>>> print(open('protein08.cif').read())   # mmCIF, C-alpha atoms
data_input
loop_
_atom_site.label_atom_id
_atom_site.label_comp_id
_atom_site.auth_asym_id
_atom_site.auth_seq_id
_atom_site.Cartn_x
_atom_site.Cartn_y
_atom_site.Cartn_z
CA MET A 1 13.16 15.02 -41.95
CA GLY A 2 11.74 16.22 -45.23
CA ARG A 3 9.95 14.75 -48.18
CA TYR A 4 10.62 15.11 -51.88
CA LEU A 5 7.92 15.07 -54.55
CA ASP A 6 8.53 15.01 -58.31
CA VAL A 7 5.35 16.78 -59.39
CA ALA A 8 5.28 15.38 -62.95
CA LYS A 9 5.68 11.83 -61.64
CA LYS A 10 2.96 12.33 -59.02
CA ILE A 11 0.45 13.54 -61.60
CA ASN A 12 1.81 11.13 -64.22
CA ASN A 13 1.96 13.94 -66.76
CA PRO A 14 4.34 16.76 -67.76
CA SER A 15 1.33 19.10 -67.99
CA ALA A 16 -0.08 20.36 -64.68
CA LEU A 17 -3.45 21.62 -65.84
CA THR A 18 -6.34 20.26 -63.81
CA GLN A 19 -7.83 20.67 -60.36
CA GLU A 20 -7.70 16.89 -59.94
CA GLN A 21 -3.94 16.91 -60.53
CA GLY A 22 -3.63 19.72 -58.00
CA ASP A 23 -5.59 17.67 -55.48
CA LEU A 24 -3.06 14.83 -55.81
CA VAL A 25 -0.21 17.20 -54.96
CA TYR A 26 -2.22 18.87 -52.18
CA ALA A 27 -2.82 15.49 -50.52
CA GLU A 28 0.95 14.86 -50.42
CA ILE A 29 1.63 18.31 -48.97
CA GLU A 30 -1.14 17.89 -46.40
CA ASP A 31 0.24 14.54 -45.30
CA ALA A 32 3.73 16.00 -44.89
CA PHE A 33 2.45 19.05 -42.98
CA ASP A 34 0.28 16.93 -40.70
CA SER A 35 3.37 14.82 -39.94
CA ASN A 36 5.35 18.00 -39.17
CA GLU A 37 7.63 17.45 -42.13
CA THR A 38 8.85 19.81 -44.79
CA ILE A 39 8.21 18.93 -48.42
CA VAL A 40 10.05 19.88 -51.58
CA LEU A 41 7.97 20.04 -54.75
CA ASP A 42 10.24 19.57 -57.75
CA PHE A 43 8.86 20.93 -61.01
CA VAL A 44 11.84 19.81 -63.09
CA ASN A 45 9.78 17.65 -65.46
CA VAL A 46 6.72 19.93 -65.62
CA GLU A 47 6.45 21.46 -69.09
CA SER A 48 3.23 23.43 -68.66
CA MET A 49 1.14 24.58 -65.73
CA ILE A 50 -1.98 26.71 -65.23
CA SER A 51 -3.82 28.29 -62.32
CA PRO A 52 -6.51 25.59 -61.72
CA PHE A 53 -3.68 23.19 -60.85
CA LEU A 54 -1.97 25.74 -58.60
CA ASN A 55 -5.25 26.71 -56.93
CA ASN A 56 -5.79 23.15 -55.76
CA ALA A 57 -2.17 22.18 -55.15
CA ILE A 58 -1.08 25.28 -53.24
CA GLY A 59 -3.94 27.78 -52.92
CA GLN A 60 -6.15 25.58 -50.80
CA LEU A 61 -3.34 25.15 -48.25
CA TYR A 62 -4.30 28.62 -46.97
CA GLY A 63 -7.66 27.24 -45.86
CA LYS A 64 -6.02 24.87 -43.39
CA TYR A 65 -2.57 26.23 -42.56
CA THR A 66 -1.05 29.59 -41.66
CA SER A 67 1.15 31.48 -44.09
CA GLU A 68 4.03 30.94 -41.67
CA LYS A 69 3.56 27.16 -41.69
CA ILE A 70 3.39 27.10 -45.50
CA GLN A 71 6.48 29.27 -45.90
CA ALA A 72 8.44 27.19 -43.39
CA CYS A 73 7.44 23.74 -44.65
CA LEU A 74 6.84 24.04 -48.40
CA LYS A 75 9.79 24.42 -50.73
CA LEU A 76 9.58 24.78 -54.50
CA LYS A 77 12.42 23.51 -56.66
CA ASN A 78 12.82 24.17 -60.39
CA PHE A 79 9.63 26.25 -60.37
CA PRO A 80 9.38 27.99 -63.76
CA PRO A 81 10.11 31.71 -63.33
CA SER A 82 7.50 32.46 -66.00
CA LYS A 83 4.84 31.13 -63.57
CA ASN A 84 5.84 33.24 -60.56
CA SER A 85 3.17 35.86 -61.27
CA THR A 86 0.49 33.15 -61.62
CA LEU A 87 1.56 31.62 -58.31
CA ASN A 88 1.50 35.02 -56.61
CA ILE A 89 -2.04 35.66 -57.88
CA VAL A 90 -3.16 32.22 -56.67
CA ILE A 91 -1.66 32.83 -53.21
CA ASN A 92 -3.11 36.34 -52.87
CA ASN A 93 -6.56 35.17 -53.97
CA ALA A 94 -6.44 32.20 -51.59
CA LYS A 95 -5.48 34.44 -48.66
CA LYS A 96 -8.36 36.81 -49.45
CA PHE A 97 -10.86 33.98 -49.92
CA TYR A 98 -9.95 32.02 -46.80
CA SER A 99 -9.84 35.15 -44.63
CA ASN A 100 -13.47 35.93 -45.58
CA ARG A 101 -14.98 32.69 -46.88
CA GLU A 102 -18.51 33.63 -45.77
CA GLY A 103 -18.34 37.01 -47.52
CA PHE A 104 -17.15 35.43 -50.76
CA SER A 105 -19.92 32.82 -50.62
CA HIS A 106 -22.53 35.53 -50.06
CA MET A 107 -21.15 37.63 -52.94
CA ALA A 108 -21.10 34.62 -55.27
CA LYS A 109 -24.71 33.80 -54.42
CA GLU A 110 -25.72 37.40 -55.16
CA VAL A 111 -23.86 37.51 -58.45
CA LEU A 112 -25.28 34.15 -59.54
CA ASN A 113 -28.73 35.02 -58.17
CA ILE A 114 -28.83 31.95 -55.91
CA GLU A 115 -30.92 31.96 -52.74
#
>>> encode(input="protein08.cif", output="structure tokens")
Amino acid sequence: MGRYLDVAKKINNPSALTQEQGDLVYAEIEDAFDSNETIVLDFVNVESMISPFLNNAIGQLYGKYTSEKIQACLKLKNFPPSKNSTLNIVINNAKKFYSNREGFSHMAKEVLNIE
């Protein structure tokens, strides 16, 4: 059995812009995945969307689940075609980050001069 999530209703806003909004969607996806359910995210009422939202809603899934699990259990409906490239960048960056989290942390500390 699958779940359905109207993204705009979940975030109570037609603009999907913040990490906090992404976290709300992520929590729903995580709950569905952990219950071995598929979930459909419907973007029908979303008027605008940027990468911080997508990073938290979808990108962080790659830190806990395999690509195969995500592809099998997460379905996007009415996703704006103009945001496909943004989503692809988010997914590729998440895969790189979560495959070498320690390396990214080390590099960030070097760049920011943090010990």
>>> residues_around(input="protein08.cif", residues="A:Ala27", least_positions_apart="6", cutoff="12 Å", atoms="all atoms listed in the file", output="PDB file with C-alpha atoms, keeping the file's coordinate frame")
ATOM      1  CA  LEU A   5       7.920  15.070 -54.550  1.00  0.00           C
ATOM      2  CA  LYS A  10       2.960  12.330 -59.020  1.00  0.00           C
ATOM      3  CA  ILE A  11       0.450  13.540 -61.600  1.00  0.00           C
ATOM      4  CA  GLU A  20      -7.700  16.890 -59.940  1.00  0.00           C
ATOM      5  CA  GLN A  21      -3.940  16.910 -60.530  1.00  0.00           C
ATOM      6  CA  PHE A  33       2.450  19.050 -42.980  1.00  0.00           C
ATOM      7  CA  ASP A  34       0.280  16.930 -40.700  1.00  0.00           C
ATOM      8  CA  ILE A  39       8.210  18.930 -48.420  1.00  0.00           C
ATOM      9  CA  ASN A  56      -5.790  23.150 -55.760  1.00  0.00           C
ATOM     10  CA  ALA A  57      -2.170  22.180 -55.150  1.00  0.00           C
ATOM     11  CA  ILE A  58      -1.080  25.280 -53.240  1.00  0.00           C
ATOM     12  CA  GLN A  60      -6.150  25.580 -50.800  1.00  0.00           C
ATOM     13  CA  LEU A  61      -3.340  25.150 -48.250  1.00  0.00           C
TER      14      LEU A  61
END
>>> atom_distance(input="protein08.cif", atom1="atom CA of A:Glu68", atom2="atom CA of A:Ile91")
13.0 Å
>>> closest_residue(input="protein08.cif", among="A:Asn88, A:Arg3, A:Gly63, A:Ser15", to="A:Ala32", atoms="only C-alpha atoms")
A:Arg3
>>> atom_distance(input="protein08.cif", atom1="atom CA of A:Val46", atom2="atom CA of A:Phe79")
8.7 Å
>>> residues_around(input="protein08.cif", residues="A:Ser35", least_positions_apart="3", cutoff="12 Å", atoms="all atoms listed in the file", output="number ranges by chain")
A: 1-3, 28-32, 38-39, 73
>>> closest_residue(input="protein08.cif", among="A:Asp23, A:Tyr62, A:Leu76, A:Ile50", to="A:Lys96", atoms="all atoms listed in the file")
A:Tyr62
>>> closest_residue(input="protein08.cif", among="A:Pro14, A:Lys83, A:Val44, A:Glu37", to="A:Lys69", atoms="all atoms listed in the file")
A:Glu37
>>> resolve_selection(input="protein08.cif", expression="the PyMOL selection byres ((chain A and resi 87) around 9)", output="PyMOL selection string")
chain A and resi 51+54-55+58-59+83-86+88-92
>>> write_last_selection(input="protein08.cif", atoms="C-alpha atoms", output="PDB file, in the coordinates of the input")
ATOM      1  CA  SER A  51      -3.820  28.290 -62.320  1.00  0.00           C
ATOM      2  CA  LEU A  54      -1.970  25.740 -58.600  1.00  0.00           C
ATOM      3  CA  ASN A  55      -5.250  26.710 -56.930  1.00  0.00           C
ATOM      4  CA  ILE A  58      -1.080  25.280 -53.240  1.00  0.00           C
ATOM      5  CA  GLY A  59      -3.940  27.780 -52.920  1.00  0.00           C
ATOM      6  CA  LYS A  83       4.840  31.130 -63.570  1.00  0.00           C
ATOM      7  CA  ASN A  84       5.840  33.240 -60.560  1.00  0.00           C
ATOM      8  CA  SER A  85       3.170  35.860 -61.270  1.00  0.00           C
ATOM      9  CA  THR A  86       0.490  33.150 -61.620  1.00  0.00           C
ATOM     10  CA  ASN A  88       1.500  35.020 -56.610  1.00  0.00           C
ATOM     11  CA  ILE A  89      -2.040  35.660 -57.880  1.00  0.00           C
ATOM     12  CA  VAL A  90      -3.160  32.220 -56.670  1.00  0.00           C
ATOM     13  CA  ILE A  91      -1.660  32.830 -53.210  1.00  0.00           C
ATOM     14  CA  ASN A  92      -3.110  36.340 -52.870  1.00  0.00           C
TER      15      ASN A  92
END
>>> resolve_selection(input="protein08.cif", expression="the PyMOL selection byres ((chain A and resi 43) around 10)", output="count of residues only")
21
>>> atom_distance(input="protein08.cif", atom1="atom CA of A:Lys75", atom2="atom CA of A:Ala94")
18.0 Å
>>> closest_residue(input="protein08.cif", among="A:Ala72, A:Ser99, A:Leu17, A:Asn12", to="A:Asn36", atoms="all atoms listed in the file")
A:Ala72
>>> axis_aligned_box(input="protein08.cif", around="stretch 32-49 of chain A", padding_each_side="4 Å", output="lines of an AutoDock Vina configuration file")
center_x = 6.1
center_y = 19.7
center_z = -54.1
size_x = 19.6
size_y = 17.8
size_z = 37.9
